[in-house]
There are 2 protein chains.
Amino acid sequence: MIRIIAITGMPGAGKSTAAEALVKEGWTRIVMGDVIRSETKRRGLVPDAKNTGDVMKALRREKGESAVADLCLKAIAEAGADKVVVDGIRSMAEVETFRKKARVLLVAVDASPERRYEFLKERGRGDDPMTYDMFAARDRRELEVGIGKAIALADETVSNQHGTPHKLAADILKAVERWDRNAGS
Amino acid sequence: MIRIIAITGMPGAGKSTAAEALVKEGWTRIVMGDVIRSETKRRGLVPDAKNTGDVMKALRREKGESAVADLCLKAIAEAGADKVVVDGIRSMAEVETFRKKARVLLVAVDASPERRYEFLKERGRGDDPMTYDMFAARDRRELEVGIGKAIALADETVSNQHGTPHKLAADILKAVERWDRNAGS
């Protein structure tokens, strides 16, 4: 059976660092944000924070709450991957979509708003916020989609508040090893 | 200035254990659920899971989203306490109400639904759910109020997934000490 490590967390919490740690252990990474960014470009829009947020909402409106998860499952099937880390879960509907097709561990990566804002300023990717107001607005958009529920209902929570990327990587690997051990696989 | 450790988390995650650790260090504990349970009794209702949930929603409808937080602030002022742990934050509106009057550290205590259900079955308090359906319904009620947002926006997250009550107590004390140190108090 396909195993999926589904990673959720607010913008800037450290989801990518956690996912990369699994990639180094042979897991295939699917970034939900990339699926949305591709779709944003396909619709002729610049993939900035506002447009990707709008397209994410449009996709859900048009094809249901699990629209992005369905696109990911298609990508997973095409790649023939059986150990997959999905980076960027935003709702429990997505998790439930994955659970129909795979054994899923939902992991929340957490950090305070203050720390996440610092991370995002340092990172400076195209769709990252540049002012605190833009950052707060992006947080609100994510929360509207239901990311707070996914974080609240996670199987594992990893704090990225005080540690290093190395510590975060170690924590996520430990959580996954424990999960695999408990399942006897 | 009054310091408040505001503790949020889903039912059964370990909020009380975390709060008790602070009580042993001289912090005054206010349980938001107690305020709601008192109000439920005052309205002539049995304080079970459904009625306390209904009264919580009624309080918010009648007096606004920060109704319970306002009652807590009154209790804090009457007690003359300046180191307070508030157990049972359910929304960011409550946190913002506290932030107007105090320096606040918002701490989320997290555990998986599976583990929380086991904890609640063991605890068996009057308003605790006895079947998984009742447990899931209670989760949904809490999430409707906005607890997922408070968990997502916490300043500190402490996982109670694999450790002991002792470990949880140690983790929360460490977080509070760090916060006090950073504020230079």
# chains A, B, ... in the order shown; residues from 1 in each chain; ligands from 1
$ interface_residues --of "chain A" --to "chain B" --cutoff "10 Å" --atoms "only C-alpha atoms" --output "ChimeraX atom specification"
/A:9-10,106-115,139-140,142-144,146-162,175
$ write_last_selection --atoms "N, CA, C and O atoms" --output "compact mmCIF listing (two decimals), in the first residue's frame"
# COMPACT_ATOMS: atom_id res chain seq x y z
N GLY A 9 0.90 22.88 7.91
CA GLY A 9 1.56 23.91 8.71
C GLY A 9 1.34 25.25 8.06
O GLY A 9 1.13 25.34 6.85
N MET A 10 1.39 26.30 8.87
CA MET A 10 1.18 27.65 8.36
C MET A 10 2.36 28.07 7.47
O MET A 10 3.43 27.48 7.55
N LEU A 106 -0.50 12.25 9.07
CA LEU A 106 -0.64 13.71 8.97
C LEU A 106 0.26 14.37 10.00
O LEU A 106 0.10 14.17 11.21
N VAL A 107 1.23 15.16 9.51
CA VAL A 107 2.20 15.81 10.39
C VAL A 107 2.04 17.32 10.30
O VAL A 107 2.02 17.88 9.19
N ALA A 108 1.91 17.98 11.45
CA ALA A 108 1.87 19.45 11.47
C ALA A 108 3.23 19.98 11.89
O ALA A 108 3.80 19.53 12.88
N VAL A 109 3.76 20.92 11.12
CA VAL A 109 4.99 21.62 11.49
C VAL A 109 4.57 22.99 12.00
O VAL A 109 3.88 23.74 11.29
N ASP A 110 4.95 23.31 13.23
CA ASP A 110 4.47 24.53 13.87
C ASP A 110 5.60 25.50 14.23
O ASP A 110 6.67 25.08 14.64
N ALA A 111 5.30 26.78 14.08
CA ALA A 111 6.17 27.84 14.60
C ALA A 111 5.28 29.06 14.84
O ALA A 111 4.20 29.16 14.26
N SER A 112 5.72 29.95 15.70
CA SER A 112 4.92 31.13 16.03
C SER A 112 4.80 32.07 14.84
O SER A 112 5.66 32.06 13.95
N PRO A 113 3.78 32.92 14.79
CA PRO A 113 3.66 33.90 13.72
C PRO A 113 4.93 34.75 13.57
O PRO A 113 5.41 34.98 12.46
N GLU A 114 5.49 35.17 14.70
CA GLU A 114 6.71 35.99 14.69
C GLU A 114 7.86 35.29 13.95
O GLU A 114 8.51 35.86 13.08
N ARG A 115 8.06 34.04 14.33
CA ARG A 115 9.16 33.27 13.72
C ARG A 115 8.87 32.97 12.24
O ARG A 115 9.76 33.03 11.40
N ASP A 139 -1.96 34.40 6.05
CA ASP A 139 -2.39 33.52 7.16
C ASP A 139 -3.91 33.37 7.15
O ASP A 139 -4.44 32.26 7.26
N ARG A 140 -4.61 34.49 7.03
CA ARG A 140 -6.08 34.44 7.06
C ARG A 140 -6.65 33.61 5.92
O ARG A 140 -7.58 32.85 6.10
N GLU A 142 -5.20 31.11 4.38
CA GLU A 142 -4.96 29.69 4.68
C GLU A 142 -5.97 29.19 5.71
O GLU A 142 -6.51 28.09 5.60
N LEU A 143 -6.22 30.01 6.73
CA LEU A 143 -7.12 29.59 7.81
C LEU A 143 -8.56 29.45 7.30
O LEU A 143 -9.30 28.58 7.75
N GLU A 144 -8.93 30.30 6.35
CA GLU A 144 -10.28 30.22 5.76
C GLU A 144 -10.51 28.87 5.07
O GLU A 144 -11.62 28.35 5.07
N GLY A 146 -9.31 26.12 5.99
CA GLY A 146 -9.47 25.08 7.01
C GLY A 146 -8.17 24.47 7.48
O GLY A 146 -8.15 23.39 8.07
N ILE A 147 -7.05 25.18 7.26
CA ILE A 147 -5.75 24.62 7.65
C ILE A 147 -5.65 24.46 9.17
O ILE A 147 -4.99 23.54 9.66
N GLY A 148 -6.36 25.33 9.92
CA GLY A 148 -6.33 25.22 11.39
C GLY A 148 -6.88 23.88 11.86
O GLY A 148 -6.36 23.29 12.81
N LYS A 149 -7.90 23.39 11.17
CA LYS A 149 -8.47 22.09 11.54
C LYS A 149 -7.48 20.97 11.26
O LYS A 149 -7.34 20.04 12.05
N ALA A 150 -6.79 21.05 10.10
CA ALA A 150 -5.80 20.02 9.79
C ALA A 150 -4.67 20.03 10.81
O ALA A 150 -4.21 18.97 11.24
N ILE A 151 -4.25 21.21 11.22
CA ILE A 151 -3.19 21.32 12.23
C ILE A 151 -3.69 20.74 13.56
O ILE A 151 -3.00 19.97 14.23
N ALA A 152 -4.92 21.09 13.94
CA ALA A 152 -5.49 20.63 15.21
C ALA A 152 -5.68 19.12 15.24
O ALA A 152 -5.63 18.51 16.30
N LEU A 153 -5.92 18.51 14.08
CA LEU A 153 -6.22 17.08 14.02
C LEU A 153 -5.04 16.23 13.53
O LEU A 153 -5.20 15.07 13.17
N ALA A 154 -3.85 16.82 13.53
CA ALA A 154 -2.66 16.09 13.05
C ALA A 154 -2.36 14.87 13.91
O ALA A 154 -2.67 14.84 15.10
N ASP A 155 -1.75 13.87 13.29
CA ASP A 155 -1.30 12.68 14.03
C ASP A 155 -0.01 12.96 14.79
O ASP A 155 0.25 12.34 15.82
N GLU A 156 0.79 13.85 14.24
CA GLU A 156 2.06 14.22 14.86
C GLU A 156 2.25 15.72 14.72
O GLU A 156 1.91 16.29 13.68
N THR A 157 2.80 16.33 15.75
CA THR A 157 3.12 17.75 15.69
C THR A 157 4.60 17.92 15.97
O THR A 157 5.11 17.37 16.94
N VAL A 158 5.26 18.65 15.09
CA VAL A 158 6.69 18.91 15.27
C VAL A 158 6.87 20.41 15.39
O VAL A 158 6.45 21.16 14.52
N SER A 159 7.46 20.83 16.50
CA SER A 159 7.68 22.27 16.70
C SER A 159 8.98 22.69 16.05
O SER A 159 10.02 22.07 16.26
N ASN A 160 8.92 23.75 15.26
CA ASN A 160 10.11 24.34 14.65
C ASN A 160 10.38 25.72 15.25
O ASN A 160 10.87 26.61 14.59
N GLN A 161 10.00 25.87 16.52
CA GLN A 161 10.06 27.19 17.14
C GLN A 161 11.48 27.58 17.57
O GLN A 161 11.87 28.72 17.39
N HIS A 162 12.23 26.64 18.12
CA HIS A 162 13.52 27.00 18.71
C HIS A 162 14.69 26.26 18.09
O HIS A 162 15.83 26.65 18.30
N ALA A 175 9.53 10.63 13.80
CA ALA A 175 8.08 10.42 13.78
C ALA A 175 7.70 9.38 12.72
O ALA A 175 6.86 8.52 12.96
$ select_by_dssp --residues "region 4-170 of chain B" --states "alpha helix (DSSP H)" --output "NGL selection string"
:B and (15-23 or 32-42 or 49-63 or 67-79 or 92-99 or 113-123 or 132-145 or 147-152 or 165-170)
$ residues_around --residues "region 19-26 of chain A" --least-positions-apart "5" --cutoff "8 Å" --atoms "only C-alpha atoms" --output "count of residues only"
9
$ closest_residue --among "A:Ala75, A:Ile89, A:Ala137, A:Met56" --to "Leu105 (chain A)" --atoms "only C-alpha atoms"
A:Ile89
$ closest_residue --among "A:Val95, A:Ala18, A:Ile36, A:Met1" --to "Thr164 (chain A)" --atoms "only C-alpha atoms"
A:Ala18
$ atom_distance --atom1 "CA of Asp54 (chain A)" --atom2 "CA of Ile76 (chain A)"
24.8 Å
$ atom_distance --atom1 "CA of Asp34 (chain B)" --atom2 "CA of Leu71 (chain B)"
10.9 Å
$ residues_around --residues "Ala58 (chain B)" --least-positions-apart "2" --cutoff "12 Å" --atoms "only C-alpha atoms" --output "PDB file with C-alpha atoms, in the first residue's frame"
ATOM      1  CA  ILE B  36     -18.806  27.663  31.203  1.00  0.00           C
ATOM      2  CA  GLU B  39     -22.900  29.205  33.683  1.00  0.00           C
ATOM      3  CA  THR B  40     -24.498  25.966  32.394  1.00  0.00           C
ATOM      4  CA  ARG B  43     -29.064  28.173  33.521  1.00  0.00           C
ATOM      5  CA  ASN B  51     -25.117  21.487  27.188  1.00  0.00           C
ATOM      6  CA  THR B  52     -21.738  23.070  27.944  1.00  0.00           C
ATOM      7  CA  GLY B  53     -21.133  23.272  24.204  1.00  0.00           C
ATOM      8  CA  ASP B  54     -24.503  24.929  23.672  1.00  0.00           C
ATOM      9  CA  VAL B  55     -23.980  27.388  26.545  1.00  0.00           C
ATOM     10  CA  MET B  56     -20.511  28.247  25.249  1.00  0.00           C
ATOM     11  CA  ARG B  60     -20.616  34.083  22.534  1.00  0.00           C
ATOM     12  CA  ARG B  61     -23.821  34.905  20.668  1.00  0.00           C
ATOM     13  CA  GLU B  62     -25.137  37.052  23.529  1.00  0.00           C
ATOM     14  CA  LYS B  63     -21.940  38.832  24.590  1.00  0.00           C
ATOM     15  CA  GLY B  64     -19.544  38.385  21.686  1.00  0.00           C
ATOM     16  CA  GLU B  65     -16.715  35.991  20.925  1.00  0.00           C
ATOM     17  CA  SER B  66     -14.665  37.109  23.927  1.00  0.00           C
ATOM     18  CA  ALA B  67     -17.497  36.568  26.463  1.00  0.00           C
ATOM     19  CA  VAL B  68     -15.694  33.793  28.356  1.00  0.00           C
ATOM     20  CA  VAL B 145     -15.658  28.007  17.586  1.00  0.00           C
TER      21      VAL B 145
END
$ atom_distance --atom1 "CA of Thr97 (chain B)" --atom2 "CA of Cys72 (chain B)"
10.2 Å
$ select_by_dssp --residues "region 5-181 of chain A" --states "strand (DSSP E)" --output "MDAnalysis selection string"
chainID A and resid 5:8 28:31 83:89 103:110 156:159
$ write_last_selection --atoms "N, CA, C and O atoms" --output "short mmCIF file (atom, residue, chain, number, x, y, z; two decimals), in the first residue's frame"
data_model
loop_
_atom_site.label_atom_id
_atom_site.label_comp_id
_atom_site.auth_asym_id
_atom_site.auth_seq_id
_atom_site.Cartn_x
_atom_site.Cartn_y
_atom_site.Cartn_z
N ILE A 5 3.23 10.69 3.69
CA ILE A 5 3.44 11.60 4.82
C ILE A 5 2.84 12.94 4.37
O ILE A 5 3.37 13.58 3.45
N ALA A 6 1.72 13.30 4.97
CA ALA A 6 1.01 14.53 4.58
C ALA A 6 1.44 15.63 5.54
O ALA A 6 1.21 15.53 6.75
N ILE A 7 2.09 16.66 5.00
CA ILE A 7 2.63 17.71 5.87
C ILE A 7 1.78 18.97 5.77
O ILE A 7 1.53 19.50 4.69
N THR A 8 1.31 19.42 6.95
CA THR A 8 0.57 20.67 7.01
C THR A 8 1.33 21.65 7.92
O THR A 8 2.29 21.28 8.59
N THR A 28 9.42 10.34 -2.32
CA THR A 28 9.11 11.24 -3.45
C THR A 28 8.29 12.41 -2.93
O THR A 28 7.30 12.22 -2.23
N ARG A 29 8.71 13.63 -3.30
CA ARG A 29 8.03 14.81 -2.79
C ARG A 29 7.07 15.40 -3.81
O ARG A 29 7.43 15.60 -4.97
N ILE A 30 5.85 15.66 -3.35
CA ILE A 30 4.87 16.37 -4.18
C ILE A 30 4.50 17.64 -3.41
O ILE A 30 4.11 17.57 -2.24
N VAL A 31 4.66 18.79 -4.05
CA VAL A 31 4.37 20.06 -3.40
C VAL A 31 3.00 20.55 -3.88
O VAL A 31 2.83 20.87 -5.05
N LYS A 83 6.26 5.70 -1.71
CA LYS A 83 6.63 6.41 -0.48
C LYS A 83 6.61 7.90 -0.84
O LYS A 83 7.54 8.38 -1.47
N VAL A 84 5.56 8.58 -0.45
CA VAL A 84 5.36 9.95 -0.94
C VAL A 84 5.21 10.93 0.22
O VAL A 84 4.48 10.65 1.17
N VAL A 85 5.92 12.04 0.14
CA VAL A 85 5.67 13.12 1.09
C VAL A 85 4.93 14.23 0.35
O VAL A 85 5.40 14.73 -0.68
N VAL A 86 3.73 14.55 0.84
CA VAL A 86 2.93 15.61 0.23
C VAL A 86 3.07 16.85 1.10
O VAL A 86 2.70 16.85 2.27
N ASP A 87 3.60 17.89 0.49
CA ASP A 87 3.98 19.11 1.21
C ASP A 87 2.91 20.18 0.96
O ASP A 87 2.72 20.60 -0.17
N GLY A 88 2.18 20.56 2.01
CA GLY A 88 1.25 21.68 1.87
C GLY A 88 -0.22 21.33 2.01
O GLY A 88 -1.07 21.95 1.34
N ILE A 89 -0.55 20.38 2.90
CA ILE A 89 -1.95 20.04 3.18
C ILE A 89 -2.66 21.26 3.76
O ILE A 89 -2.12 21.93 4.65
N ARG A 103 -1.99 4.74 3.04
CA ARG A 103 -1.83 4.85 4.48
C ARG A 103 -1.19 6.22 4.72
O ARG A 103 -0.17 6.54 4.10
N VAL A 104 -1.81 7.03 5.57
CA VAL A 104 -1.42 8.44 5.68
C VAL A 104 -1.02 8.81 7.10
O VAL A 104 -1.72 8.47 8.06
N LEU A 105 0.12 9.48 7.24
CA LEU A 105 0.49 10.10 8.52
C LEU A 105 0.41 11.62 8.32
O LEU A 105 1.13 12.19 7.49
N LEU A 106 -0.50 12.25 9.07
CA LEU A 106 -0.64 13.71 8.97
C LEU A 106 0.26 14.37 10.00
O LEU A 106 0.10 14.17 11.21
N VAL A 107 1.23 15.16 9.51
CA VAL A 107 2.20 15.81 10.39
C VAL A 107 2.04 17.32 10.30
O VAL A 107 2.02 17.88 9.19
N ALA A 108 1.91 17.98 11.45
CA ALA A 108 1.87 19.45 11.47
C ALA A 108 3.23 19.98 11.89
O ALA A 108 3.80 19.53 12.88
N VAL A 109 3.76 20.92 11.12
CA VAL A 109 4.99 21.62 11.49
C VAL A 109 4.57 22.99 12.00
O VAL A 109 3.88 23.74 11.29
N ASP A 110 4.95 23.31 13.23
CA ASP A 110 4.47 24.53 13.87
C ASP A 110 5.60 25.50 14.23
O ASP A 110 6.67 25.08 14.64
N GLU A 156 0.79 13.85 14.24
CA GLU A 156 2.06 14.22 14.86
C GLU A 156 2.25 15.72 14.72
O GLU A 156 1.91 16.29 13.68
N THR A 157 2.80 16.33 15.75
CA THR A 157 3.12 17.75 15.69
C THR A 157 4.60 17.92 15.97
O THR A 157 5.11 17.37 16.94
N VAL A 158 5.26 18.65 15.09
CA VAL A 158 6.69 18.91 15.27
C VAL A 158 6.87 20.41 15.39
O VAL A 158 6.45 21.16 14.52
N SER A 159 7.46 20.83 16.50
CA SER A 159 7.68 22.27 16.70
C SER A 159 8.98 22.69 16.05
O SER A 159 10.02 22.07 16.26
#
